[in-house]
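One file, entry-v5.tsv, is given below (TSV, C-alpha atoms and all ligand atoms).
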```
chain	number	residue	atom	x	y	z
A	1	VAL	CA	79.41	235.06	134.33
A	2	THR	CA	82.42	236.63	135.98
A	3	ALA	CA	82.99	240.35	135.99
A	4	GLU	CA	86.05	242.48	136.55
A	5	ALA	CA	85.74	244.30	139.85
A	6	ALA	CA	87.66	244.82	143.07
A	7	PRO	CA	87.93	241.67	145.17
A	8	ILE	CA	86.21	241.13	148.49
A	9	THR	CA	88.16	240.13	151.58
A	10	ILE	CA	87.16	236.79	153.04
A	11	THR	CA	87.07	237.18	156.82
A	12	GLY	CA	85.34	233.88	157.59
A	13	THR	CA	88.51	231.97	156.75
A	14	ILE	CA	87.53	228.89	158.74
A	15	GLN	CA	84.15	228.88	157.00
A	16	HIS	CA	85.86	229.30	153.64
A	17	GLN	CA	88.21	226.40	154.34
A	18	ALA	CA	85.22	224.27	155.38
A	19	TRP	CA	83.51	225.24	152.12
A	20	GLN	CA	86.57	224.06	150.15
A	21	ASP	CA	86.73	220.87	152.21
A	22	ARG	CA	82.97	220.30	151.72
A	23	VAL	CA	82.35	219.98	155.46
A	24	LEU	CA	80.11	221.86	157.87
A	25	PRO	CA	81.95	224.85	159.37
A	26	PRO	CA	82.14	225.11	163.18
A	27	VAL	CA	80.10	227.37	165.44
A	28	GLU	CA	82.08	230.62	165.77
A	29	GLN	CA	81.90	233.53	168.13
A	30	VAL	CA	82.01	236.43	165.66
A	31	ARG	CA	81.88	239.15	168.30
A	32	LYS	CA	81.16	239.20	172.02
A	33	GLY	CA	77.55	237.99	172.36
A	34	LEU	CA	77.23	237.08	168.67
A	35	TRP	CA	77.69	233.59	167.20
A	36	SER	CA	77.37	232.09	163.74
A	37	ILE	CA	75.68	228.70	163.85
A	38	PRO	CA	75.78	226.55	160.73
A	39	THR	CA	72.84	224.18	160.28
A	40	PRO	CA	72.96	221.37	157.70
A	41	PHE	CA	70.90	221.99	154.55
A	42	PRO	CA	70.35	218.44	153.24
A	43	ASN	CA	70.28	217.81	149.47
A	44	SER	CA	71.20	221.39	148.62
A	45	PRO	CA	74.30	222.67	146.81
A	46	LEU	CA	74.35	225.44	149.45
A	47	ARG	CA	75.12	222.68	152.03
A	48	TYR	CA	74.35	224.75	155.13
A	49	VAL	CA	72.50	227.78	156.44
A	50	LEU	CA	74.26	230.20	158.79
A	51	ALA	CA	71.94	231.17	161.63
A	52	TYR	CA	73.16	233.92	163.98
A	53	LEU	CA	72.54	234.08	167.71
A	54	VAL	CA	72.69	237.67	168.95
A	55	GLU	CA	72.55	238.91	172.55
A	56	THR	CA	70.86	242.31	172.70
A	57	SER	CA	69.68	244.54	175.51
A	58	GLY	CA	66.16	243.52	174.46
A	59	GLY	CA	66.78	239.78	174.72
A	60	LEU	CA	68.27	236.92	172.75
A	61	ALA	CA	67.65	237.01	169.00
A	62	LEU	CA	68.08	234.20	166.49
A	63	VAL	CA	68.46	235.45	162.92
A	64	ASP	CA	67.28	232.72	160.50
A	65	THR	CA	66.77	229.10	161.48
A	66	GLY	CA	67.62	226.46	158.89
A	67	TRP	CA	65.77	223.98	156.74
A	68	PRO	CA	62.74	222.19	158.24
A	69	SER	CA	64.32	218.80	158.92
A	70	ASP	CA	65.34	216.90	162.05
A	71	GLU	CA	68.99	217.00	160.99
A	72	SER	CA	68.94	220.81	160.69
A	73	TRP	CA	67.09	221.13	163.98
A	74	GLY	CA	69.70	218.96	165.69
A	75	GLY	CA	72.46	221.20	164.30
A	76	LEU	CA	70.71	224.34	165.44
A	77	VAL	CA	70.04	223.11	168.98
A	78	ALA	CA	73.60	221.80	169.39
A	79	GLY	CA	75.06	225.00	167.92
A	80	VAL	CA	73.10	227.20	170.31
A	81	GLU	CA	74.33	225.02	173.19
A	82	GLN	CA	77.95	225.56	172.11
A	83	SER	CA	77.43	229.29	172.52
A	84	GLY	CA	76.56	228.70	176.18
A	85	HIS	CA	72.88	229.40	175.59
A	86	ASP	CA	69.94	227.06	175.22
A	87	ILE	CA	67.35	227.08	172.45
A	88	SER	CA	64.66	227.61	175.13
A	89	GLU	CA	66.19	231.04	175.90
A	90	VAL	CA	65.55	232.53	172.45
A	91	ASP	CA	63.25	235.55	172.73
A	92	ALA	CA	62.79	236.36	169.05
A	93	VAL	CA	63.33	234.59	165.73
A	94	LEU	CA	64.15	237.27	163.17
A	95	VAL	CA	63.78	235.85	159.67
A	96	THR	CA	65.48	237.52	156.71
A	97	HIS	CA	62.91	236.14	154.22
A	98	GLY	CA	60.21	233.56	153.72
A	99	HIS	CA	62.27	230.80	152.09
A	100	ALA	CA	62.14	227.47	153.88
A	101	ASP	CA	65.89	227.28	154.56
A	102	HIS	CA	65.61	230.50	156.61
A	103	PHE	CA	62.11	230.26	158.01
A	104	GLY	CA	61.64	226.51	158.18
A	105	LEU	CA	62.42	225.91	161.86
A	106	ALA	CA	60.84	229.10	163.19
A	107	ARG	CA	57.72	227.40	164.48
A	108	ARG	CA	59.81	224.73	166.17
A	109	VAL	CA	61.98	227.33	167.91
A	110	ARG	CA	58.82	229.08	169.07
A	111	GLU	CA	57.45	225.81	170.47
A	112	ALA	CA	60.72	225.20	172.35
A	113	SER	CA	61.15	228.71	173.69
A	114	GLY	CA	58.01	230.81	173.35
A	115	ALA	CA	59.96	233.14	171.06
A	116	ARG	CA	58.06	235.51	168.81
A	117	VAL	CA	58.64	235.02	165.08
A	118	ALA	CA	59.22	238.11	162.94
A	119	LEU	CA	59.19	238.37	159.13
A	120	HIS	CA	58.72	241.32	156.79
A	121	ARG	CA	55.07	242.06	156.02
A	122	LEU	CA	55.40	241.28	152.29
A	123	ASP	CA	56.88	237.82	152.85
A	124	ALA	CA	54.32	237.18	155.58
A	125	GLU	CA	51.57	238.06	153.09
A	126	ALA	CA	53.17	235.97	150.32
A	127	SER	CA	53.08	232.94	152.60
A	128	THR	CA	49.27	233.01	152.36
A	129	ASN	CA	49.24	232.76	148.54
A	130	TRP	CA	48.90	228.99	148.67
A	131	THR	CA	47.33	226.87	151.33
A	132	SER	CA	48.77	223.57	150.10
A	133	MET	CA	51.67	222.17	148.11
A	134	LYS	CA	49.16	220.91	145.52
A	135	GLN	CA	47.84	224.41	144.94
A	136	PHE	CA	51.34	225.83	144.67
A	137	LEU	CA	52.46	223.17	142.17
A	138	ALA	CA	49.39	223.79	139.98
A	139	SER	CA	50.07	227.49	139.94
A	140	ASP	CA	53.77	226.93	139.24
A	141	ALA	CA	52.95	224.55	136.35
A	142	GLU	CA	50.63	227.12	134.77
A	143	TRP	CA	53.32	229.80	135.09
A	144	SER	CA	55.85	227.43	133.48
A	145	ARG	CA	53.53	226.72	130.51
A	146	HIS	CA	53.25	230.45	129.79
A	147	ARG	CA	57.04	230.65	129.77
A	148	GLY	CA	57.32	227.91	127.11
A	149	LEU	CA	57.75	224.61	128.94
A	150	THR	CA	55.83	221.50	127.86
A	151	ASP	CA	53.86	219.45	130.38
A	152	ALA	CA	56.41	216.64	130.00
A	153	GLU	CA	59.21	219.03	130.96
A	154	ILE	CA	57.21	220.49	133.85
A	155	SER	CA	56.75	217.02	135.33
A	156	THR	CA	60.55	216.67	135.68
A	157	MET	CA	60.99	220.12	137.19
A	158	ARG	CA	60.34	219.40	140.88
A	159	PRO	CA	61.54	215.86	141.51
A	160	GLY	CA	60.38	214.43	144.81
A	161	THR	CA	57.55	216.88	145.36
A	162	SER	CA	54.99	214.47	143.89
A	163	ASP	CA	55.80	211.87	146.59
A	164	LYS	CA	54.97	214.36	149.31
A	165	ASP	CA	51.52	214.74	150.75
A	166	PRO	CA	49.81	217.02	148.21
A	167	ASP	CA	47.66	218.55	150.93
A	168	ALA	CA	50.64	219.27	153.16
A	169	GLU	CA	50.71	222.75	154.59
A	170	MET	CA	53.26	225.03	152.95
A	171	PRO	CA	56.45	225.32	155.05
A	172	SER	CA	55.97	229.04	155.56
A	173	GLY	CA	52.37	228.97	156.73
A	174	HIS	CA	51.44	232.45	157.96
A	175	THR	CA	50.09	231.16	161.24
A	176	ALA	CA	53.68	230.97	162.49
A	177	ILE	CA	54.33	234.72	162.14
A	178	ASP	CA	53.80	236.91	165.21
A	179	VAL	CA	55.43	240.17	164.14
A	180	GLN	CA	55.43	241.80	160.70
A	181	LEU	CA	58.62	243.78	160.12
A	182	GLU	CA	58.99	247.06	158.26
A	183	ASP	CA	62.05	248.99	157.12
A	184	GLY	CA	63.72	250.79	160.02
A	185	ASP	CA	62.13	248.66	162.75
A	186	ARG	CA	64.13	247.67	165.81
A	187	PRO	CA	62.60	244.26	166.46
A	188	MET	CA	64.33	243.78	169.85
A	189	GLY	CA	62.92	247.08	171.14
A	190	ALA	CA	63.71	250.80	171.07
A	191	GLY	CA	67.39	251.57	171.51
A	192	THR	CA	68.56	248.01	170.74
A	193	SER	CA	71.34	247.24	168.30
A	194	LEU	CA	69.52	245.42	165.46
A	195	ARG	CA	67.78	247.50	162.79
A	196	VAL	CA	65.75	246.22	159.83
A	197	ILE	CA	66.83	247.23	156.33
A	198	TRP	CA	64.23	246.24	153.73
A	199	THR	CA	66.01	244.80	150.68
A	200	PRO	CA	63.35	243.52	148.24
A	201	GLY	CA	64.46	241.44	145.25
A	202	HIS	CA	65.39	237.87	146.20
A	203	THR	CA	61.92	237.91	147.76
A	204	PRO	CA	59.54	240.90	147.99
A	205	GLY	CA	59.95	241.06	151.76
A	206	HIS	CA	63.65	240.23	152.13
A	207	VAL	CA	65.35	242.16	154.93
A	208	CYS	CA	68.90	242.56	156.16
A	209	PHE	CA	69.70	243.33	159.80
A	210	ALA	CA	72.25	246.01	160.64
A	211	HIS	CA	74.03	245.43	163.95
A	212	GLU	CA	74.81	249.02	164.83
A	213	ASP	CA	77.02	248.45	167.90
A	214	TYR	CA	79.44	246.30	165.91
A	215	ASP	CA	78.91	247.86	162.48
A	216	LEU	CA	77.96	244.49	160.98
A	217	LEU	CA	75.44	243.65	158.30
A	218	LEU	CA	73.51	240.37	158.39
A	219	THR	CA	72.55	239.96	154.75
A	220	GLY	CA	70.48	236.75	154.55
A	221	ASP	CA	70.45	235.79	150.85
A	222	HIS	CA	70.55	239.40	149.58
A	223	ILE	CA	74.33	239.50	149.31
A	224	LEU	CA	76.46	236.35	149.36
A	225	PRO	CA	80.21	236.29	148.74
A	226	ARG	CA	80.41	233.75	145.91
A	227	ILE	CA	77.07	233.26	144.14
A	228	SER	CA	74.55	235.81	143.00
A	229	PRO	CA	71.28	235.19	144.81
A	230	ASN	CA	68.57	233.70	142.66
A	231	ILE	CA	66.15	236.37	141.48
A	232	SER	CA	63.27	234.17	140.43
A	233	PRO	CA	59.83	235.54	141.23
A	234	SER	CA	57.14	233.28	142.61
A	235	PRO	CA	54.30	232.56	140.15
A	236	ALA	CA	52.09	235.00	142.07
A	237	PHE	CA	54.51	237.92	141.76
A	238	THR	CA	54.18	240.07	138.63
A	239	GLU	CA	56.35	243.04	139.56
A	240	ASP	CA	59.91	243.79	138.45
A	241	SER	CA	61.81	241.72	141.02
A	242	LEU	CA	65.19	242.31	139.37
A	243	GLY	CA	64.52	246.06	139.38
A	244	ASP	CA	63.72	245.78	143.08
A	245	TYR	CA	66.92	243.80	143.65
A	246	LEU	CA	69.12	246.26	141.77
A	247	GLY	CA	67.52	249.09	143.75
A	248	SER	CA	68.26	247.32	147.03
A	249	LEU	CA	71.84	246.72	145.90
A	250	ALA	CA	72.37	250.32	144.84
A	251	ALA	CA	71.14	251.50	148.24
A	252	MET	CA	74.07	249.57	149.78
A	253	ALA	CA	76.71	250.61	147.27
A	254	ASN	CA	78.33	253.08	149.66
A	255	LEU	CA	77.59	251.32	152.92
A	256	GLU	CA	80.90	250.80	154.70
A	257	VAL	CA	80.49	248.07	157.27
A	258	ASP	CA	83.11	246.24	159.23
A	259	GLU	CA	81.99	242.78	158.13
A	260	VAL	CA	79.18	241.12	156.20
A	261	LEU	CA	77.47	238.11	157.78
A	262	PRO	CA	75.58	236.20	155.06
A	263	ALA	CA	73.23	233.24	155.53
A	264	HIS	CA	75.28	230.95	153.27
A	265	GLU	CA	78.94	230.43	152.37
A	266	TYR	CA	81.25	232.65	154.50
A	267	ARG	CA	81.78	236.07	156.13
A	268	PHE	CA	83.56	238.78	154.23
A	269	ALA	CA	84.52	242.47	154.19
A	270	ASN	CA	84.44	245.12	151.46
A	271	LEU	CA	80.71	245.27	150.84
A	272	PRO	CA	80.98	247.97	148.11
A	273	ALA	CA	83.20	245.63	146.05
A	274	ARG	CA	80.67	242.82	146.29
A	275	VAL	CA	77.84	245.19	145.34
A	276	GLN	CA	79.81	246.23	142.24
A	277	GLN	CA	80.45	242.62	141.26
A	278	LEU	CA	76.75	241.79	141.53
A	279	GLN	CA	75.75	244.89	139.57
A	280	ALA	CA	78.25	243.98	136.84
A	281	HIS	CA	76.93	240.40	136.75
A	282	HIS	CA	73.36	241.57	136.11
A	283	ALA	CA	74.44	244.21	133.57
A	284	LEU	CA	76.24	241.51	131.57
A	285	ARG	CA	73.24	239.23	131.85
A	286	LEU	CA	70.85	241.90	130.61
A	287	ALA	CA	73.10	242.61	127.61
A	288	GLU	CA	73.37	238.89	126.84
A	289	ILE	CA	69.58	238.50	126.96
A	290	LEU	CA	69.01	241.48	124.66
A	291	ALA	CA	71.40	239.92	122.14
A	292	VAL	CA	69.51	236.59	122.21
A	293	ILE	CA	66.16	238.33	121.59
A	294	LYS	CA	67.64	240.38	118.76
A	295	SER	CA	68.81	237.23	117.02
A	296	THR	CA	65.62	235.20	117.65
A	297	PRO	CA	62.61	237.56	117.81
A	298	GLY	CA	59.40	236.01	119.11
A	299	CYS	CA	61.24	233.58	121.39
A	300	THR	CA	59.76	232.24	124.63
A	301	THR	CA	61.41	232.76	128.03
A	302	VAL	CA	62.55	229.12	127.95
A	303	ALA	CA	64.18	229.67	124.53
A	304	VAL	CA	65.98	232.75	125.87
A	305	ALA	CA	67.22	230.76	128.89
A	306	GLU	CA	68.52	228.03	126.57
A	307	GLY	CA	70.48	230.62	124.62
A	308	LEU	CA	72.37	231.95	127.68
A	309	THR	CA	75.60	230.77	129.26
A	310	TRP	CA	75.09	228.86	132.51
A	311	SER	CA	77.60	227.19	134.77
A	312	ARG	CA	76.54	223.85	133.20
A	313	THR	CA	75.18	223.08	129.73
A	314	TRP	CA	71.42	223.47	129.32
A	315	ALA	CA	71.03	219.67	128.98
A	316	GLN	CA	72.73	219.29	132.38
A	317	THR	CA	70.62	222.07	133.89
A	318	THR	CA	67.75	219.89	135.06
A	319	GLY	CA	65.07	219.74	137.73
A	320	MET	CA	64.88	222.63	140.19
A	321	VAL	CA	68.05	224.17	138.78
A	322	ARG	CA	66.36	224.52	135.40
A	323	ARG	CA	63.24	225.95	137.02
A	324	PHE	CA	65.38	228.57	138.83
A	325	ALA	CA	67.26	229.35	135.58
A	326	ILE	CA	63.97	230.03	133.80
A	327	GLY	CA	62.73	232.15	136.70
A	328	GLU	CA	65.98	234.12	136.74
A	329	THR	CA	65.76	234.68	132.97
A	330	TYR	CA	62.15	235.81	133.29
A	331	ALA	CA	63.07	238.33	136.00
A	332	HIS	CA	65.65	239.85	133.64
A	333	LEU	CA	63.14	239.92	130.78
A	334	VAL	CA	60.50	241.68	132.88
A	335	HIS	CA	63.13	244.22	133.92
A	336	LEU	CA	64.07	244.93	130.27
A	337	GLU	CA	60.35	245.18	129.47
A	338	ARG	CA	59.79	247.74	132.26
A	339	LYS	CA	62.68	249.74	130.90
A	340	GLY	CA	60.95	249.79	127.52
A	341	LEU	CA	63.70	247.86	125.73
A	342	ILE	CA	61.70	244.74	124.86
A	343	SER	CA	58.05	243.73	124.69
A	344	ASN	CA	56.09	240.51	125.07
A	345	ALA	CA	53.45	239.87	122.37
A	346	SER	CA	51.67	237.23	124.46
A	347	ARG	CA	51.62	236.30	128.14
A	348	GLU	CA	49.82	233.05	127.28
A	349	LEU	CA	52.98	231.87	125.50
A	350	ASP	CA	55.79	234.40	125.79
A	351	ALA	CA	56.98	235.96	122.52
A	352	TRP	CA	59.74	238.47	123.24
A	353	GLN	CA	60.97	241.06	120.80
A	354	VAL	CA	63.17	244.10	120.90
A	355	VAL	CA	61.39	247.47	120.86
A	356	ASP	CA	62.70	249.60	117.97
A	401	ZN	ZN	66.35	232.58	149.76
A	402	ZN	ZN	68.92	230.74	151.48
```
If you convert what's in this file into structure tokens, what do you get?
Ligand SMILES: [Zn+2]
Ligand SMILES: [Zn+2]
Amino acid sequence: VTAEAAPITITGTIQHQAWQDRVLPPVEQVRKGLWSIPTPFPNSPLRYVLAYLVETSGGLALVDTGWPSDESWGGLVAGVEQSGHDISEVDAVLVTHGHADHFGLARRVREASGARVALHRLDAEASTNWTSMKQFLASDAEWSRHRGLTDAEISTMRPGTSDKDPDAEMPSGHTAIDVQLEDGDRPMGAGTSLRVIWTPGHTPGHVCFAHEDYDLLLTGDHILPRISPNISPSPAFTEDSLGDYLGSLAAMANLEVDEVLPAHEYRFANLPARVQQLQAHHALRLAEILAVIKSTPGCTTVAVAEGLTWSRTWAQTTGMVRRFAIGETYAHLVHLERKGLISNASRELDAWQVVD
């Protein structure tokens, strides 16, 4: 869904060109003592994760790490070297949120450097919800059944996961977290340039980091220049994640920063314009969902998702992409429910209807 709003200004022009050319962008010095380091994100349409190496008066910080694979690790280590530093010098790994593409190499950086690993308390707690992949998949399958998927469909939803060791530890095991972040914290110490801004929504404990000396905002997955971040709650999360997200967005609506440094895609300026675009996207989505429920009362979440416009047809929306689409739809439904606009007759098998 595209919405009419003021355009953003792409400042990461080399990154943008690399995106168009489908290649990994180079390591770039964004400011003195601050580098963006792309790490390969294998088998993902996002292609790479942008980690940031930041010199502060409290030591060397690495914001986000990359996907837990040897290829990503190689990219991270080489990228840090290009900055003139060494991975062993990192003092703190500051993680924007508990997703594996951001957190996944944290433990490995700590092993190589002795760095402390910091994550917001809520994502640190969420990482203890499941002790194994098997347990997570069972919980995810049950959630999917309630939303209207058949067992046959569920079995196609996470291709590849069944070949993995079912007792494997989850990538974001809580044992790797040394520091739990809270809004307003300065994780590199009092008087240092990086400040935590809690931005729940994409995950309950997502944070951005404001770099106050340079007036920059490191946004993780909260705000990206091209795509709207997936708002798809984990099976254990029953709150209004879209409401949280819209609240976090609104809090940034008037934040004038020099440049936005996201964890995917490319750097840009004009944050208020991007906030407006994202708000408009979700407003359109909510209206579209209301219209589907009006025309088919009693529908499941899966049926609502099928009735929406996606970038591909529903038949082409398969595997993890379909799972995310259903999660995203559900987040919008829960938000409409909390606003009193719709209700769900059954959480065993969703049956949505408009409230008169
Ligand atoms: Zn994420
Ligand atoms: Zn991400």
Neighbours of Gly340 (chain A) within 12 Å (only C-alpha atoms; same-chain residues fewer than 5 positions away dropped), as a PyMOL selection string? chain A and resi 290+333-335+353-356
Kindly provide the residues of chain A that approach ligand ZN 401 (chain A) to within 12 Å, each paired with its closest atom pair and their distance in Å to one decimal, based on all atoms listed in the file, listed by chain and increasing number, as CSV.
```
residue,atom,partner,partner_atom,distance
A:Leu46,CA,A:ZN401,ZN,10.7
A:Val49,CA,A:ZN401,ZN,10.3
A:Asp64,CA,A:ZN401,ZN,10.8
A:Gly66,CA,A:ZN401,ZN,11.1
A:Trp67,CA,A:ZN401,ZN,11.1
A:Val95,CA,A:ZN401,ZN,10.7
A:Thr96,CA,A:ZN401,ZN,8.6
A:His97,CA,A:ZN401,ZN,6.7
A:Gly98,CA,A:ZN401,ZN,7.4
A:His99,CA,A:ZN401,ZN,5.0
A:Ala100,CA,A:ZN401,ZN,7.8
A:Asp101,CA,A:ZN401,ZN,7.2
A:His102,CA,A:ZN401,ZN,7.2
A:Phe103,CA,A:ZN401,ZN,9.6
A:Gly104,CA,A:ZN401,ZN,11.4
A:Asp123,CA,A:ZN401,ZN,11.3
A:Pro200,CA,A:ZN401,ZN,11.4
A:Gly201,CA,A:ZN401,ZN,10.1
A:His202,CA,A:ZN401,ZN,6.4
A:Thr203,CA,A:ZN401,ZN,7.2
A:Pro204,CA,A:ZN401,ZN,10.9
A:Gly205,CA,A:ZN401,ZN,10.8
A:His206,CA,A:ZN401,ZN,8.5
A:Val207,CA,A:ZN401,ZN,10.9
A:Thr219,CA,A:ZN401,ZN,10.9
A:Gly220,CA,A:ZN401,ZN,7.6
A:Asp221,CA,A:ZN401,ZN,5.3
A:His222,CA,A:ZN401,ZN,8.0
A:Ile223,CA,A:ZN401,ZN,10.6
A:Leu224,CA,A:ZN401,ZN,10.8
A:Ser228,CA,A:ZN401,ZN,11.1
A:Pro229,CA,A:ZN401,ZN,7.5
A:Asn230,CA,A:ZN401,ZN,7.5
A:Ile231,CA,A:ZN401,ZN,9.1
A:Ser232,CA,A:ZN401,ZN,10.0
A:Pro233,CA,A:ZN401,ZN,11.1
A:Ser234,CA,A:ZN401,ZN,11.7
A:Pro262,CA,A:ZN401,ZN,11.2
A:Ala263,CA,A:ZN401,ZN,9.0
A:His264,CA,A:ZN401,ZN,9.7
A:Phe324,CA,A:ZN401,ZN,11.7
```
Restricting the calculation to all atoms listed in the file: of A:Leu76, A:Ala325, A:Leu249, A:Ile227, which residue gets closest to ligand ZN 402 (chain A)?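 Result for the nearest residue to ligand ZN 402 (chain A): A:Ile227.
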Between CA of Gly189 (chain A) and CA of Arg116 (chain A), what is the spacing in Å? 12.8 Å
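The interatomic distance for the pair CA of Gly148 (chain A) and CA of Ala303 (chain A) works out to 7.5 Å.
Nearest residue to Gly247 (chain A), choosing from A:Phe209, A:Glu288, A:Phe41, A:Thr199 and counting all atoms listed in the file: A:Thr199.
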Between A:Ala315, A:Met320, A:Leu194, A:Ala138, which is the closest to Leu60 (chain A) once you count all atoms listed in the file?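 Looking at the shortest contact to Leu60 (chain A), the residue is A:Leu194.
Of the residues under consideration (A:Leu50, A:Leu255, A:Ala152, A:Val302), A:Leu50 shows the shortest atom-to-atom contact distance to ligand ZN 402 (chain A) when counting all atoms listed in the file.
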Within 9 Å of Ile154 (chain A), counting only C-alpha atoms, which residues show up once you throw out same-chain ones fewer than 5 positions away? Write them as a ChimeraX atom specification, please. /A:141,144-145,149,319,323
Dump of C-alpha atoms for the selected residues, as a compact mmCIF listing (two decimals), in the frame of the given file:
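Result file again.txt:
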```
# COMPACT_ATOMS: atom_id res chain seq x y z
CA ALA A 141 52.95 224.55 136.35
CA SER A 144 55.85 227.43 133.48
CA ARG A 145 53.53 226.72 130.51
CA LEU A 149 57.75 224.61 128.94
CA GLY A 319 65.07 219.74 137.73
CA ARG A 323 63.24 225.95 137.02
```
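Put simply, CA of Glu89 (chain A) is 26.8 Å away from CA of Ser127 (chain A).
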Neighbours of Thr329 (chain A) within 8 Å (all atoms listed in the file; same-chain residues fewer than 6 positions away dropped), as a PyMOL selection string? chain A and resi 232+301+304-305
What lies within 10 Å of Ser193 (chain A) using all atoms listed in the file, ignoring chain neighbours under 4 positions off, as a ChimeraX atom specification? /A:54-58,186-189,209-215
Residues within 8 Å of region 19-21 of chain A, all atoms listed in the file, excluding chain neighbours under 4 positions, as a ChimeraX atom specification: /A:15,25,265
Anything within 6 Å of (76.6, 228.2, 163.5): list those residues as a PyMOL selection string, counting only C-alpha atoms and sticking to the file's coordinates. chain A and resi 27+36-38+50-51+79
How would you write as a tab-separated table (two decimals) with C-alpha atoms, in the coordinates of the input the residues that get within 6 Å of (82.3, 250.1, 152.9) in the file's frame, counting all atoms listed in the file?
```tsv
chain	number	residue	atom	x	y	z
A	254	ASN	CA	78.33	253.08	149.66
A	255	LEU	CA	77.59	251.32	152.92
A	256	GLU	CA	80.90	250.80	154.70
A	257	VAL	CA	80.49	248.07	157.27
A	270	ASN	CA	84.44	245.12	151.46
A	271	LEU	CA	80.71	245.27	150.84
A	272	PRO	CA	80.98	247.97	148.11
```
Output requested as a PDB file, in the frame of the given file - region 276-289 of chain A, filled out with N, CA, C and O atoms.
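out_24.pdb, written as the output of this step:
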```pdb
ATOM      1  N   GLN A 276      79.379 245.958 143.623  1.00  0.00           N
ATOM      2  CA  GLN A 276      79.810 246.230 142.240  1.00  0.00           C
ATOM      3  C   GLN A 276      79.864 244.956 141.404  1.00  0.00           C
ATOM      4  O   GLN A 276      79.444 244.946 140.247  1.00  0.00           O
ATOM      5  N   GLN A 277      80.383 243.890 141.991  1.00  0.00           N
ATOM      6  CA  GLN A 277      80.450 242.620 141.260  1.00  0.00           C
ATOM      7  C   GLN A 277      79.047 242.152 140.865  1.00  0.00           C
ATOM      8  O   GLN A 277      78.830 241.707 139.738  1.00  0.00           O
ATOM      9  N   LEU A 278      78.107 242.259 141.806  1.00  0.00           N
ATOM     10  CA  LEU A 278      76.750 241.790 141.530  1.00  0.00           C
ATOM     11  C   LEU A 278      76.068 242.671 140.483  1.00  0.00           C
ATOM     12  O   LEU A 278      75.352 242.177 139.610  1.00  0.00           O
ATOM     13  N   GLN A 279      76.314 243.975 140.578  1.00  0.00           N
ATOM     14  CA  GLN A 279      75.750 244.890 139.570  1.00  0.00           C
ATOM     15  C   GLN A 279      76.305 244.558 138.194  1.00  0.00           C
ATOM     16  O   GLN A 279      75.578 244.515 137.205  1.00  0.00           O
ATOM     17  N   ALA A 280      77.613 244.303 138.127  1.00  0.00           N
ATOM     18  CA  ALA A 280      78.250 243.980 136.840  1.00  0.00           C
ATOM     19  C   ALA A 280      77.700 242.667 136.286  1.00  0.00           C
ATOM     20  O   ALA A 280      77.447 242.538 135.087  1.00  0.00           O
ATOM     21  N   HIS A 281      77.493 241.700 137.172  1.00  0.00           N
ATOM     22  CA  HIS A 281      76.930 240.400 136.750  1.00  0.00           C
ATOM     23  C   HIS A 281      75.585 240.602 136.055  1.00  0.00           C
ATOM     24  O   HIS A 281      75.328 240.053 134.985  1.00  0.00           O
ATOM     25  N   HIS A 282      74.703 241.401 136.688  1.00  0.00           N
ATOM     26  CA  HIS A 282      73.360 241.570 136.110  1.00  0.00           C
ATOM     27  C   HIS A 282      73.406 242.429 134.850  1.00  0.00           C
ATOM     28  O   HIS A 282      72.630 242.195 133.918  1.00  0.00           O
ATOM     29  N   ALA A 283      74.317 243.394 134.784  1.00  0.00           N
ATOM     30  CA  ALA A 283      74.440 244.210 133.570  1.00  0.00           C
ATOM     31  C   ALA A 283      74.855 243.331 132.382  1.00  0.00           C
ATOM     32  O   ALA A 283      74.300 243.439 131.285  1.00  0.00           O
ATOM     33  N   LEU A 284      75.807 242.434 132.623  1.00  0.00           N
ATOM     34  CA  LEU A 284      76.240 241.510 131.570  1.00  0.00           C
ATOM     35  C   LEU A 284      75.097 240.602 131.139  1.00  0.00           C
ATOM     36  O   LEU A 284      74.896 240.338 129.953  1.00  0.00           O
ATOM     37  N   ARG A 285      74.355 240.126 132.121  1.00  0.00           N
ATOM     38  CA  ARG A 285      73.240 239.230 131.850  1.00  0.00           C
ATOM     39  C   ARG A 285      72.176 239.918 131.011  1.00  0.00           C
ATOM     40  O   ARG A 285      71.646 239.329 130.058  1.00  0.00           O
ATOM     41  N   LEU A 286      71.873 241.152 131.365  1.00  0.00           N
ATOM     42  CA  LEU A 286      70.850 241.900 130.610  1.00  0.00           C
ATOM     43  C   LEU A 286      71.291 242.098 129.171  1.00  0.00           C
ATOM     44  O   LEU A 286      70.497 241.956 128.231  1.00  0.00           O
ATOM     45  N   ALA A 287      72.574 242.404 128.966  1.00  0.00           N
ATOM     46  CA  ALA A 287      73.100 242.610 127.610  1.00  0.00           C
ATOM     47  C   ALA A 287      73.042 241.293 126.826  1.00  0.00           C
ATOM     48  O   ALA A 287      72.663 241.278 125.642  1.00  0.00           O
ATOM     49  N   GLU A 288      73.388 240.199 127.490  1.00  0.00           N
ATOM     50  CA  GLU A 288      73.370 238.890 126.840  1.00  0.00           C
ATOM     51  C   GLU A 288      71.945 238.525 126.390  1.00  0.00           C
ATOM     52  O   GLU A 288      71.727 238.016 125.294  1.00  0.00           O
ATOM     53  N   ILE A 289      70.974 238.826 127.271  1.00  0.00           N
ATOM     54  CA  ILE A 289      69.580 238.500 126.960  1.00  0.00           C
ATOM     55  C   ILE A 289      69.065 239.337 125.793  1.00  0.00           C
ATOM     56  O   ILE A 289      68.401 238.827 124.893  1.00  0.00           O
TER      57      ILE A 289
END
```
